[in-house]
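Q: See coords.cif below, with mmCIF, C-alpha atoms.
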```
data_my_file
loop_
_atom_site.group_PDB
_atom_site.id
_atom_site.type_symbol
_atom_site.label_atom_id
_atom_site.label_comp_id
_atom_site.auth_asym_id
_atom_site.auth_seq_id
_atom_site.Cartn_x
_atom_site.Cartn_y
_atom_site.Cartn_z
ATOM 1 C CA MET G 99 23.250 -12.292 3.260
ATOM 2 C CA MET G 100 23.494 -9.122 5.331
ATOM 3 C CA ARG G 101 22.936 -9.209 9.087
ATOM 4 C CA LEU G 102 22.433 -6.359 11.499
ATOM 5 C CA THR G 103 23.469 -6.334 15.126
ATOM 6 C CA LEU G 104 20.770 -7.129 17.659
ATOM 7 C CA THR G 105 20.901 -3.522 18.818
ATOM 8 C CA ALA G 106 20.377 -2.299 15.273
ATOM 9 C CA VAL G 107 17.525 -4.745 14.749
ATOM 10 C CA SER G 108 15.746 -3.496 17.860
ATOM 11 C CA ALA G 109 16.215 0.089 16.740
ATOM 12 C CA LEU G 110 14.955 -0.754 13.273
ATOM 13 C CA ALA G 111 11.823 -2.379 14.639
ATOM 14 C CA LEU G 112 11.080 0.690 16.726
ATOM 15 C CA THR G 113 11.728 2.969 13.771
ATOM 16 C CA LEU G 114 9.413 1.059 11.467
ATOM 17 C CA ALA G 115 6.725 1.072 14.115
ATOM 18 C CA ALA G 116 7.100 4.818 14.389
ATOM 19 C CA CYS G 117 6.172 5.184 10.720
ATOM 20 C CA SER G 118 2.596 4.398 11.720
ATOM 21 C CA PRO G 119 0.372 6.723 13.728
ATOM 22 C CA PRO G 120 0.709 5.983 17.454
ATOM 23 C CA ALA G 121 -2.949 5.028 17.679
ATOM 24 C CA ALA G 122 -2.672 2.220 15.137
ATOM 25 C CA GLU G 123 -3.544 -1.144 16.628
ATOM 26 C CA LYS G 124 -4.553 -4.524 15.344
ATOM 27 C CA ALA G 125 -7.937 -4.132 13.734
ATOM 28 C CA ALA G 126 -8.871 -7.556 15.014
ATOM 29 C CA GLU G 127 -8.668 -6.276 18.569
ATOM 30 C CA THR G 128 -11.428 -3.738 17.962
ATOM 31 C CA PRO G 129 -14.691 -5.492 17.048
ATOM 32 C CA GLY G 130 -16.124 -4.087 13.850
ATOM 33 C CA ALA G 131 -13.142 -1.818 13.295
ATOM 34 C CA ALA G 132 -12.190 -2.842 9.771
ATOM 35 C CA PRO G 133 -14.687 -2.875 6.887
ATOM 36 C CA ALA G 134 -14.480 -6.367 5.429
ATOM 37 C CA ALA G 135 -14.735 -7.016 1.712
ATOM 38 C CA SER G 136 -15.110 -10.768 2.106
ATOM 39 C CA THR G 137 -14.750 -13.708 4.474
ATOM 40 C CA GLN G 138 -11.434 -14.725 2.935
ATOM 41 C CA ALA G 139 -9.424 -16.725 5.443
ATOM 42 C CA ALA G 140 -6.284 -15.110 6.795
ATOM 43 C CA ASN G 141 -2.980 -15.826 5.064
ATOM 44 C CA GLU G 142 -4.492 -16.760 1.700
ATOM 45 C CA ALA G 143 -3.788 -15.148 -1.661
ATOM 46 C CA PHE G 144 -6.469 -13.946 -4.049
ATOM 47 C CA ALA G 145 -5.592 -14.785 -7.666
ATOM 48 C CA PHE G 146 -6.671 -12.586 -10.563
ATOM 49 C CA LYS G 147 -5.492 -11.628 -14.046
ATOM 50 C CA ILE G 148 -4.022 -8.484 -15.560
ATOM 51 C CA GLY G 149 -4.354 -9.328 -19.226
ATOM 52 C CA ALA G 150 -2.156 -12.413 -19.629
ATOM 53 C CA LEU G 151 -0.366 -11.876 -16.302
ATOM 54 C CA ASP G 152 -1.027 -13.891 -13.164
ATOM 55 C CA ALA G 153 -1.450 -11.606 -10.168
ATOM 56 C CA TYR G 154 -2.219 -12.137 -6.495
ATOM 57 C CA ALA G 155 -3.571 -9.899 -3.774
ATOM 58 C CA LEU G 156 -1.529 -10.901 -0.749
ATOM 59 C CA GLN G 157 -2.373 -10.313 2.890
ATOM 60 C CA ASP G 158 -0.028 -8.912 5.503
ATOM 61 C CA GLY G 159 -2.400 -7.696 8.183
ATOM 62 C CA SER G 160 -4.552 -4.779 9.188
ATOM 63 C CA LEU G 161 -4.542 -1.569 11.163
ATOM 64 C CA SER G 162 -7.226 0.447 12.837
ATOM 65 C CA VAL G 163 -7.008 4.105 13.701
ATOM 66 C CA PRO G 164 -9.318 6.152 15.892
ATOM 67 C CA ASN G 165 -12.020 8.297 14.371
ATOM 68 C CA ASN G 166 -10.992 11.308 16.409
ATOM 69 C CA GLY G 167 -10.278 13.996 13.830
ATOM 70 C CA GLU G 168 -6.525 13.547 14.172
ATOM 71 C CA VAL G 169 -5.681 10.849 11.601
ATOM 72 C CA LEU G 170 -7.851 10.479 8.482
ATOM 73 C CA ALA G 171 -10.036 13.569 8.698
ATOM 74 C CA ILE G 172 -7.924 16.114 10.524
ATOM 75 C CA GLY G 173 -9.922 19.015 11.866
ATOM 76 C CA GLU G 174 -13.247 17.807 10.500
ATOM 77 C CA ALA G 175 -16.295 17.776 12.771
ATOM 78 C CA LYS G 176 -16.846 14.277 14.118
ATOM 79 C CA ALA G 177 -20.536 14.564 13.304
ATOM 80 C CA ASP G 178 -19.665 15.042 9.642
ATOM 81 C CA VAL G 179 -17.259 12.109 9.607
ATOM 82 C CA ASP G 180 -19.748 9.902 11.451
ATOM 83 C CA ALA G 181 -22.499 10.816 9.005
ATOM 84 C CA LEU G 182 -20.308 9.872 6.043
ATOM 85 C CA LEU G 183 -19.297 6.547 7.582
ATOM 86 C CA THR G 184 -22.848 5.700 8.641
ATOM 87 C CA ALA G 185 -24.180 6.460 5.172
ATOM 88 C CA ASN G 186 -21.734 3.877 3.855
ATOM 89 C CA GLY G 187 -22.577 1.238 6.454
ATOM 90 C CA LEU G 188 -19.345 1.561 8.449
ATOM 91 C CA PRO G 189 -18.747 1.869 12.198
ATOM 92 C CA THR G 190 -17.877 5.278 13.589
ATOM 93 C CA ASP G 191 -15.512 4.421 16.444
ATOM 94 C CA THR G 192 -12.459 3.294 14.483
ATOM 95 C CA LEU G 193 -11.320 3.287 10.865
ATOM 96 C CA GLY G 194 -10.021 0.039 9.405
ATOM 97 C CA LEU G 195 -7.120 -0.167 6.967
ATOM 98 C CA SER G 196 -5.953 -3.344 5.260
ATOM 99 C CA ILE G 197 -2.347 -4.046 4.251
ATOM 100 C CA GLN G 198 -2.182 -6.094 1.044
ATOM 101 C CA PRO G 199 1.003 -6.141 -1.042
ATOM 102 C CA LEU G 200 0.612 -7.141 -4.689
ATOM 103 C CA LEU G 201 2.401 -10.014 -6.446
ATOM 104 C CA VAL G 202 2.649 -10.253 -10.241
ATOM 105 C CA LYS G 203 4.324 -13.001 -12.260
ATOM 106 C CA MET G 204 5.771 -11.489 -15.441
ATOM 107 C CA GLY G 205 7.599 -14.079 -17.511
ATOM 108 C CA ASP G 206 10.905 -14.736 -15.741
ATOM 109 C CA LYS G 207 10.145 -11.969 -13.239
ATOM 110 C CA VAL G 208 8.345 -12.468 -9.938
ATOM 111 C CA VAL G 209 7.479 -8.956 -8.836
ATOM 112 C CA LEU G 210 6.333 -7.883 -5.382
ATOM 113 C CA PHE G 211 4.843 -4.423 -4.897
ATOM 114 C CA ASP G 212 5.650 -3.291 -1.339
ATOM 115 C CA THR G 213 6.278 -5.704 1.529
ATOM 116 C CA GLY G 214 3.880 -4.824 4.335
ATOM 117 C CA ALA G 215 4.895 -4.118 7.908
ATOM 118 C CA GLY G 216 6.797 -7.295 8.714
ATOM 119 C CA GLY G 217 4.755 -7.862 11.859
ATOM 120 C CA GLN G 218 5.588 -4.398 13.207
ATOM 121 C CA MET G 219 3.106 -1.642 14.073
ATOM 122 C CA GLY G 220 0.698 -4.092 15.689
ATOM 123 C CA THR G 221 0.052 -5.985 12.457
ATOM 124 C CA GLU G 222 -0.248 -9.715 11.937
ATOM 125 C CA GLY G 223 2.807 -10.269 9.698
ATOM 126 C CA GLU G 224 1.035 -12.649 7.311
ATOM 127 C CA LEU G 225 2.922 -11.801 4.116
ATOM 128 C CA LEU G 226 5.176 -14.838 3.839
ATOM 129 C CA THR G 227 2.345 -17.269 4.501
ATOM 130 C CA SER G 228 0.233 -15.476 1.912
ATOM 131 C CA LEU G 229 3.147 -15.541 -0.535
ATOM 132 C CA THR G 230 3.422 -19.310 -0.084
ATOM 133 C CA ALA G 231 -0.294 -19.622 -0.819
ATOM 134 C CA ALA G 232 0.445 -17.924 -4.149
ATOM 135 C CA GLY G 233 3.030 -20.598 -4.915
ATOM 136 C CA VAL G 234 6.094 -18.403 -4.366
ATOM 137 C CA GLN G 235 8.961 -18.668 -1.894
ATOM 138 C CA PRO G 236 10.875 -15.549 -0.783
ATOM 139 C CA GLY G 237 13.984 -16.566 -2.704
ATOM 140 C CA GLN G 238 12.004 -16.663 -5.944
ATOM 141 C CA VAL G 239 11.054 -12.970 -5.817
ATOM 142 C CA THR G 240 13.201 -11.178 -8.396
ATOM 143 C CA ASP G 241 12.059 -7.572 -7.984
ATOM 144 C CA ILE G 242 10.451 -5.528 -5.227
ATOM 145 C CA LEU G 243 8.875 -2.250 -6.297
ATOM 146 C CA ILE G 244 8.471 0.133 -3.374
ATOM 147 C CA SER G 245 5.824 2.855 -3.521
ATOM 148 C CA HIS G 246 7.388 4.701 -0.579
ATOM 149 C CA ALA G 247 9.379 4.025 2.557
ATOM 150 C CA HIS G 248 6.793 4.099 5.342
ATOM 151 C CA GLY G 249 6.975 1.155 7.732
ATOM 152 C CA ASP G 250 3.832 -0.594 6.502
ATOM 153 C CA HIS G 251 5.378 -0.790 3.019
ATOM 154 C CA VAL G 252 9.056 -1.558 3.720
ATOM 155 C CA GLY G 253 8.808 -3.316 7.083
ATOM 156 C CA GLY G 254 8.760 -6.736 5.422
ATOM 157 C CA LEU G 255 12.107 -6.249 3.697
ATOM 158 C CA VAL G 256 14.103 -7.493 6.716
ATOM 159 C CA ASN G 257 13.306 -10.029 9.407
ATOM 160 C CA GLY G 258 13.771 -9.873 13.159
ATOM 161 C CA GLU G 259 17.419 -10.902 12.829
ATOM 162 C CA GLY G 260 18.123 -8.134 10.340
ATOM 163 C CA GLN G 261 18.401 -10.482 7.364
ATOM 164 C CA LEU G 262 16.994 -9.610 3.977
ATOM 165 C CA VAL G 263 13.741 -11.542 3.629
ATOM 166 C CA PHE G 264 13.981 -11.620 -0.171
ATOM 167 C CA PRO G 265 17.691 -12.282 -0.718
ATOM 168 C CA ASN G 266 17.611 -12.508 -4.509
ATOM 169 C CA ALA G 267 15.394 -9.512 -5.205
ATOM 170 C CA THR G 268 16.407 -6.165 -6.610
ATOM 171 C CA ILE G 269 14.696 -3.465 -4.538
ATOM 172 C CA ARG G 270 13.489 -0.589 -6.696
ATOM 173 C CA MET G 271 12.270 2.840 -5.598
ATOM 174 C CA THR G 272 12.457 6.402 -6.871
ATOM 175 C CA THR G 273 15.693 8.293 -6.477
ATOM 176 C CA ASP G 274 13.919 10.918 -4.373
ATOM 177 C CA GLU G 275 12.526 8.295 -1.993
ATOM 178 C CA TRP G 276 15.879 6.581 -1.562
ATOM 179 C CA ASP G 277 17.616 9.909 -0.971
ATOM 180 C CA ALA G 278 15.048 10.803 1.689
ATOM 181 C CA LEU G 279 15.458 7.414 3.341
ATOM 182 C CA LYS G 280 19.244 7.759 3.433
ATOM 183 C CA ALA G 281 18.935 11.241 4.917
ATOM 184 C CA ASP G 282 16.837 9.983 7.844
ATOM 185 C CA PRO G 283 19.213 9.012 10.682
ATOM 186 C CA THR G 284 16.535 6.877 12.335
ATOM 187 C CA MET G 285 16.494 4.628 9.251
ATOM 188 C CA ALA G 286 20.247 4.050 9.076
ATOM 189 C CA ALA G 287 20.003 0.347 9.930
ATOM 190 C CA LEU G 288 17.459 -0.268 7.205
ATOM 191 C CA VAL G 289 19.529 1.694 4.687
ATOM 192 C CA THR G 290 22.589 -0.392 5.546
ATOM 193 C CA ALA G 291 20.665 -3.610 4.975
ATOM 194 C CA LEU G 292 19.121 -2.500 1.691
ATOM 195 C CA THR G 293 21.987 -0.639 0.026
ATOM 196 C CA PRO G 294 23.500 -3.618 -1.851
ATOM 197 C CA LYS G 295 20.136 -4.425 -3.388
ATOM 198 C CA VAL G 296 18.653 -1.015 -4.198
ATOM 199 C CA GLN G 297 18.303 0.344 -7.713
ATOM 200 C CA THR G 298 16.665 3.730 -8.144
ATOM 201 C CA PHE G 299 14.750 5.295 -10.998
ATOM 202 C CA ALA G 300 13.402 8.691 -11.967
ATOM 203 C CA ALA G 301 9.775 9.575 -11.420
ATOM 204 C CA GLY G 302 7.679 8.390 -14.353
ATOM 205 C CA ALA G 303 10.290 5.934 -15.658
ATOM 206 C CA GLU G 304 9.640 2.487 -17.095
ATOM 207 C CA VAL G 305 10.827 0.360 -14.195
ATOM 208 C CA LEU G 306 10.416 -3.064 -15.804
ATOM 209 C CA PRO G 307 8.972 -4.109 -19.167
ATOM 210 C CA GLY G 308 5.246 -3.520 -18.748
ATOM 211 C CA VAL G 309 5.588 -1.543 -15.494
ATOM 212 C CA THR G 310 5.783 2.258 -15.508
ATOM 213 C CA ALA G 311 6.188 4.447 -12.451
ATOM 214 C CA VAL G 312 3.426 7.023 -11.974
ATOM 215 C CA ASP G 313 4.517 10.187 -10.174
ATOM 216 C CA ILE G 314 1.969 10.841 -7.394
ATOM 217 C CA GLN G 315 3.295 13.616 -5.201
ATOM 218 C CA GLY G 316 2.596 14.758 -1.664
ATOM 219 C CA HIS G 317 2.672 11.664 0.517
ATOM 220 C CA THR G 318 6.461 11.286 0.772
ATOM 221 C CA PRO G 319 9.316 12.905 -1.179
ATOM 222 C CA GLY G 320 9.403 10.171 -3.811
ATOM 223 C CA HIS G 321 6.033 8.464 -3.535
ATOM 224 C CA THR G 322 5.053 6.622 -6.704
ATOM 225 C CA GLY G 323 2.301 4.483 -8.118
ATOM 226 C CA TYR G 324 2.860 1.785 -10.734
ATOM 227 C CA GLN G 325 0.966 1.225 -13.967
ATOM 228 C CA ILE G 326 1.071 -2.444 -14.961
ATOM 229 C CA ALA G 327 0.152 -3.238 -18.570
ATOM 230 C CA SER G 328 -0.532 -6.485 -20.404
ATOM 231 C CA GLY G 329 -2.079 -6.325 -23.849
ATOM 232 C CA ASN G 330 -5.063 -4.013 -23.721
ATOM 233 C CA GLU G 331 -5.493 -4.383 -19.961
ATOM 234 C CA GLY G 332 -3.884 -2.507 -17.107
ATOM 235 C CA LEU G 333 -3.840 -2.030 -13.363
ATOM 236 C CA LEU G 334 -2.729 1.037 -11.433
ATOM 237 C CA TYR G 335 -1.130 0.310 -8.068
ATOM 238 C CA ILE G 336 -1.880 3.525 -6.179
ATOM 239 C CA GLY G 337 0.420 3.178 -3.158
ATOM 240 C CA ASP G 338 -0.750 5.569 -0.450
ATOM 241 C CA THR G 339 -2.532 8.051 -2.675
ATOM 242 C CA MET G 340 -5.645 6.933 -0.793
ATOM 243 C CA HIS G 341 -5.960 5.110 2.519
ATOM 244 C CA HIS G 342 -9.668 4.682 3.252
ATOM 245 C CA SER G 343 -12.197 3.481 0.696
ATOM 246 C CA VAL G 344 -14.823 5.984 1.848
ATOM 247 C CA ILE G 345 -13.052 8.983 3.364
ATOM 248 C CA SER G 346 -10.208 9.197 0.832
ATOM 249 C CA VAL G 347 -12.542 8.716 -2.133
ATOM 250 C CA GLN G 348 -15.638 10.653 -1.182
ATOM 251 C CA ARG G 349 -13.808 13.427 0.665
ATOM 252 C CA PRO G 350 -10.409 13.658 -1.072
ATOM 253 C CA ASP G 351 -9.795 17.154 0.314
ATOM 254 C CA TRP G 352 -9.926 16.017 3.938
ATOM 255 C CA THR G 353 -6.436 16.125 5.399
ATOM 256 C CA ILE G 354 -4.681 12.867 6.316
ATOM 257 C CA GLN G 355 -2.031 12.671 9.020
ATOM 258 C CA PHE G 356 0.284 10.464 6.975
ATOM 259 C CA ASP G 357 0.743 12.922 4.078
ATOM 260 C CA GLY G 358 4.005 14.867 4.234
ATOM 261 C CA ARG G 359 2.680 17.755 2.147
ATOM 262 C CA ALA G 360 -1.047 17.645 2.725
ATOM 263 C CA ASP G 361 -2.071 20.230 0.124
ATOM 264 C CA VAL G 362 -0.055 18.530 -2.611
ATOM 265 C CA ALA G 363 -1.304 15.075 -1.612
ATOM 266 C CA GLU G 364 -4.916 16.263 -1.668
ATOM 267 C CA ALA G 365 -4.479 17.708 -5.159
ATOM 268 C CA SER G 366 -2.845 14.459 -6.315
ATOM 269 C CA ARG G 367 -5.656 12.418 -4.799
ATOM 270 C CA ARG G 368 -8.358 14.440 -6.549
ATOM 271 C CA ALA G 369 -6.477 14.336 -9.848
ATOM 272 C CA LEU G 370 -6.172 10.562 -9.651
ATOM 273 C CA LEU G 371 -9.861 10.211 -8.835
ATOM 274 C CA GLU G 372 -10.788 12.401 -11.793
ATOM 275 C CA ARG G 373 -8.574 10.439 -14.162
ATOM 276 C CA ALA G 374 -9.582 7.027 -12.845
ATOM 277 C CA ALA G 375 -13.277 7.832 -13.184
ATOM 278 C CA SER G 376 -12.936 9.409 -16.621
ATOM 279 C CA GLU G 377 -10.794 6.577 -17.996
ATOM 280 C CA ASN G 378 -12.488 3.725 -16.108
ATOM 281 C CA GLN G 379 -9.114 2.673 -14.751
ATOM 282 C CA ARG G 380 -8.750 -0.503 -12.765
ATOM 283 C CA LEU G 381 -7.016 0.223 -9.465
ATOM 284 C CA TYR G 382 -5.208 -1.729 -6.775
ATOM 285 C CA ALA G 383 -5.576 0.020 -3.429
ATOM 286 C CA VAL G 384 -3.232 -1.444 -0.837
ATOM 287 C CA HIS G 385 -5.187 -0.154 2.186
ATOM 288 C CA PHE G 386 -8.784 -0.607 0.980
ATOM 289 C CA PRO G 387 -10.810 -3.660 2.065
ATOM 290 C CA TYR G 388 -9.269 -6.884 0.777
ATOM 291 C CA PRO G 389 -8.499 -7.620 -2.000
ATOM 292 C CA GLY G 390 -8.342 -3.911 -2.938
ATOM 293 C CA LEU G 391 -9.358 -4.259 -6.595
ATOM 294 C CA GLY G 392 -11.904 -1.930 -8.136
ATOM 295 C CA ARG G 393 -12.711 1.260 -9.986
ATOM 296 C CA ILE G 394 -13.758 4.804 -9.227
ATOM 297 C CA GLU G 395 -17.160 6.043 -10.327
ATOM 298 C CA ARG G 396 -18.479 9.575 -10.343
ATOM 299 C CA ARG G 397 -21.888 10.002 -8.693
ATOM 300 C CA ALA G 398 -23.354 13.506 -8.665
ATOM 301 C CA ASP G 399 -20.623 15.712 -7.213
ATOM 302 C CA ASP G 400 -18.785 12.881 -5.467
ATOM 303 C CA PHE G 401 -16.672 9.848 -6.270
ATOM 304 C CA VAL G 402 -17.269 6.329 -4.973
ATOM 305 C CA TRP G 403 -15.148 3.204 -4.804
ATOM 306 C CA VAL G 404 -16.712 0.242 -6.618
ATOM 307 C CA ALA G 405 -14.930 -2.897 -5.512
ATOM 308 C CA GLU G 406 -14.609 -5.932 -7.722
ATOM 309 C CA PRO G 407 -16.112 -9.145 -6.344
ATOM 310 C CA GLY G 408 -13.815 -10.521 -3.675
ATOM 311 C CA PRO G 409 -12.942 -14.098 -2.762
ATOM 312 C CA ALA G 410 -16.246 -14.856 -1.053
ATOM 313 C CA ALA G 411 -18.195 -13.848 -4.164
ATOM 314 C CA ARG G 412 -16.308 -16.085 -6.616
#
```
Output the file's structure in the form of structure tokens.

A:
Amino acid sequence: MMRLTLTAVSALALTLAACSPPAAEKAAETPGAAPAASTQAANEAFAFKIGALDAYALQDGSLSVPNNGEVLAIGEAKADVDALLTANGLPTDTLGLSIQPLLVKMGDKVVLFDTGAGGQMGTEGELLTSLTAAGVQPGQVTDILISHAHGDHVGGLVNGEGQLVFPNATIRMTTDEWDALKADPTMAALVTALTPKVQTFAAGAEVLPGVTAVDIQGHTPGHTGYQIASGNEGLLYIGDTMHHSVISVQRPDWTIQFDGRADVAEASRRALLERAASENQRLYAVHFPYPGLGRIERRADDFVWVAEPGPAAR
């Protein structure tokens, strides 16, 4: 099991934290900051099915960012953003984002999609407790499919001592994303830890039986979604194509700070919304209110997120 030096661990923690906007704080510290989908207790796992597959919405934590025109609606008039949020019953001071990795049991495979922030970036670091609630220990995870290498998606790969949290898992990401990660000198410690476990794939490849990568460009150099299929049913894990269940869906052309190539990301976001609405696709949105399951509907000239019933409703 690989270890990093204490100096490297400290540097890694700071680097992962830097992958989040500086204003990100624990949503719990700002009353009313995060739109809640349910009253699900912290650290639990929400079980659901994808065809014959057992799947679980896990919980890692939450973030809140200021509604100041610098993060999720860059350059937009605050009055316009406030009006949109108010019309959807949300507060206007801060914008809440959940962090909910996905777990799917696929025969002899136990597959984790992203790993949360690992307690960095002001988050709660609930992933391992949530994983246990789903009946899985870290050593049982066989594959980790990374959508992209921002800190709230790869931060849970190593612990505070620099050890791999999932020692038996193959870590899979696109070749472009891995190349970009290796080229970033601030991520050298993470690259060193992950290198023995990483396997890369081309955009759009079949990653595992029943799991196909979906090329969704603009957020990072190798950002990808994942289409999971079982029988006639499917689920599209959208990664960071969309962050906020109102702003990203109803105003897909509003610029988001996290997108590396904003114009490309906005085009990708609109294309996914069009396709999801037209095909009635079931989506898993890692940053939408927990548990992040739902569909996109077209209403007049806009799109809306229609969440599936969450834990409190079942």

Q: So which residues touch stretch 244-250 of chain G within 9 Å, counting all atoms listed in the file, skipping near sequence neighbours fewer than 4 positions away, as a PyMOL selection string?

A: chain G and resi 113-118+197+210-216+218-219+221+254+269-272+275-276+278-279+317-324+335-338

Q: Show me, as an MDAnalysis selection string, the residues that have an atom within 12 Å of G:Phe146 when counting only C-alpha atoms, minus same-chain residues fewer than 4 positions from it.

A: chainID G and resid 150:156 200:203 232 333 382 389:391 406:409 412

Q: What does the distance between atom CA of G:Glu224 and atom CA of G:Ser196 come to in Å, to one decimal place?

A: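 Result for atom CA of G:Glu224 versus atom CA of G:Ser196: 11.8 Å, one decimal.
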
Q: Name every residue that the PyMOL selection byres ((chain G and resi 308-312) around 7) selects in this structure, writing the answer as a VMD selection string with chains first and numbers rising.

A: chain G and resid 301 to 307 313 to 314 322 to 328

Q: Just write the chosen residues, C-alpha atoms, as a CSV table (one decimal), keeping the file's coordinate frame.

A:
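File again19.csv, as written:
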```csv
chain,number,residue,atom,x,y,z
G,301,ALA,CA,9.8,9.6,-11.4
G,302,GLY,CA,7.7,8.4,-14.4
G,303,ALA,CA,10.3,5.9,-15.7
G,304,GLU,CA,9.6,2.5,-17.1
G,305,VAL,CA,10.8,0.4,-14.2
G,306,LEU,CA,10.4,-3.1,-15.8
G,307,PRO,CA,9.0,-4.1,-19.2
G,313,ASP,CA,4.5,10.2,-10.2
G,314,ILE,CA,2.0,10.8,-7.4
G,322,THR,CA,5.1,6.6,-6.7
G,323,GLY,CA,2.3,4.5,-8.1
G,324,TYR,CA,2.9,1.8,-10.7
G,325,GLN,CA,1.0,1.2,-14.0
G,326,ILE,CA,1.1,-2.4,-15.0
G,327,ALA,CA,0.2,-3.2,-18.6
G,328,SER,CA,-0.5,-6.5,-20.4
```

Q: Could you check which of G:Gln198, G:Thr192, G:Ser366, G:Thr268 is closest to G:Val239, using only C-alpha atoms?

A: G:Thr268

Q: Could you check which residues have any atom within 12 Å of (-6.7, 18.3, -5.4), counting all atoms listed in the file with coordinates taken straight from the file, and then list them as a list in words?

A: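 So the residues meeting the distance criterion are Ile314, Gln315, Gly316, Thr339, Ser346, Val347, Arg349, Pro350, Asp351, Trp352, Thr353, Ala360, Asp361, Val362, Ala363, Glu364, Ala365, Ser366, Arg367, Arg368, Ala369, Leu370, Leu371, Glu372 and Arg373 of chain G.
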
Q: Given the file shown, determine the residues that the PyMOL selection byres ((chain G and resi 142) around 10) selects; report them as a ChimeraX atom specification.

A: /G:138-141,143-145,154-158,224-225,227-232,409

Q: Have a look at G:Val163, G:Ala171, G:Ala287, G:Ile148 and name the one nearest to G:Ile345; count all atoms listed in the file.

A: G:Ala171

Q: I'd like to see the residues matched by the PyMOL selection byres ((chain G and resi 165-167) around 10) on this file, and ideally I'd get them as a ChimeraX atom specification.

A: /G:162-164,168-176,179-180,189-194,353-355

Q: Would you mind reading off the distance between atom CA of G:Thr240 and atom CA of G:Gln379, one decimal, in Å?

A: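 Atom-to-atom, atom CA of G:Thr240 and atom CA of G:Gln379 are spaced 27.0 Å apart.
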
Q: Between G:His342, G:Glu259, G:Gly205, G:Leu188, which one has atoms that come closest to G:Val402, using only C-alpha atoms?

A: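 Closest residue, counting only C-alpha atoms: G:His342.
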
Q: Nearest to G:Phe299: which of G:Leu243, G:Val234, G:Leu262, G:Ala267 is it, counting only C-alpha atoms?

A: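 Checking each of G:Leu243, G:Val234, G:Leu262, G:Ala267 against G:Phe299, counting only C-alpha atoms, the winner is G:Leu243.
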
Q: Just give me the gap between atom CA of G:Phe264 and atom CA of G:Asp206 in Å, one decimal is fine.

A: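 Atom-to-atom, atom CA of G:Phe264 to atom CA of G:Asp206, that is 16.2 Å.
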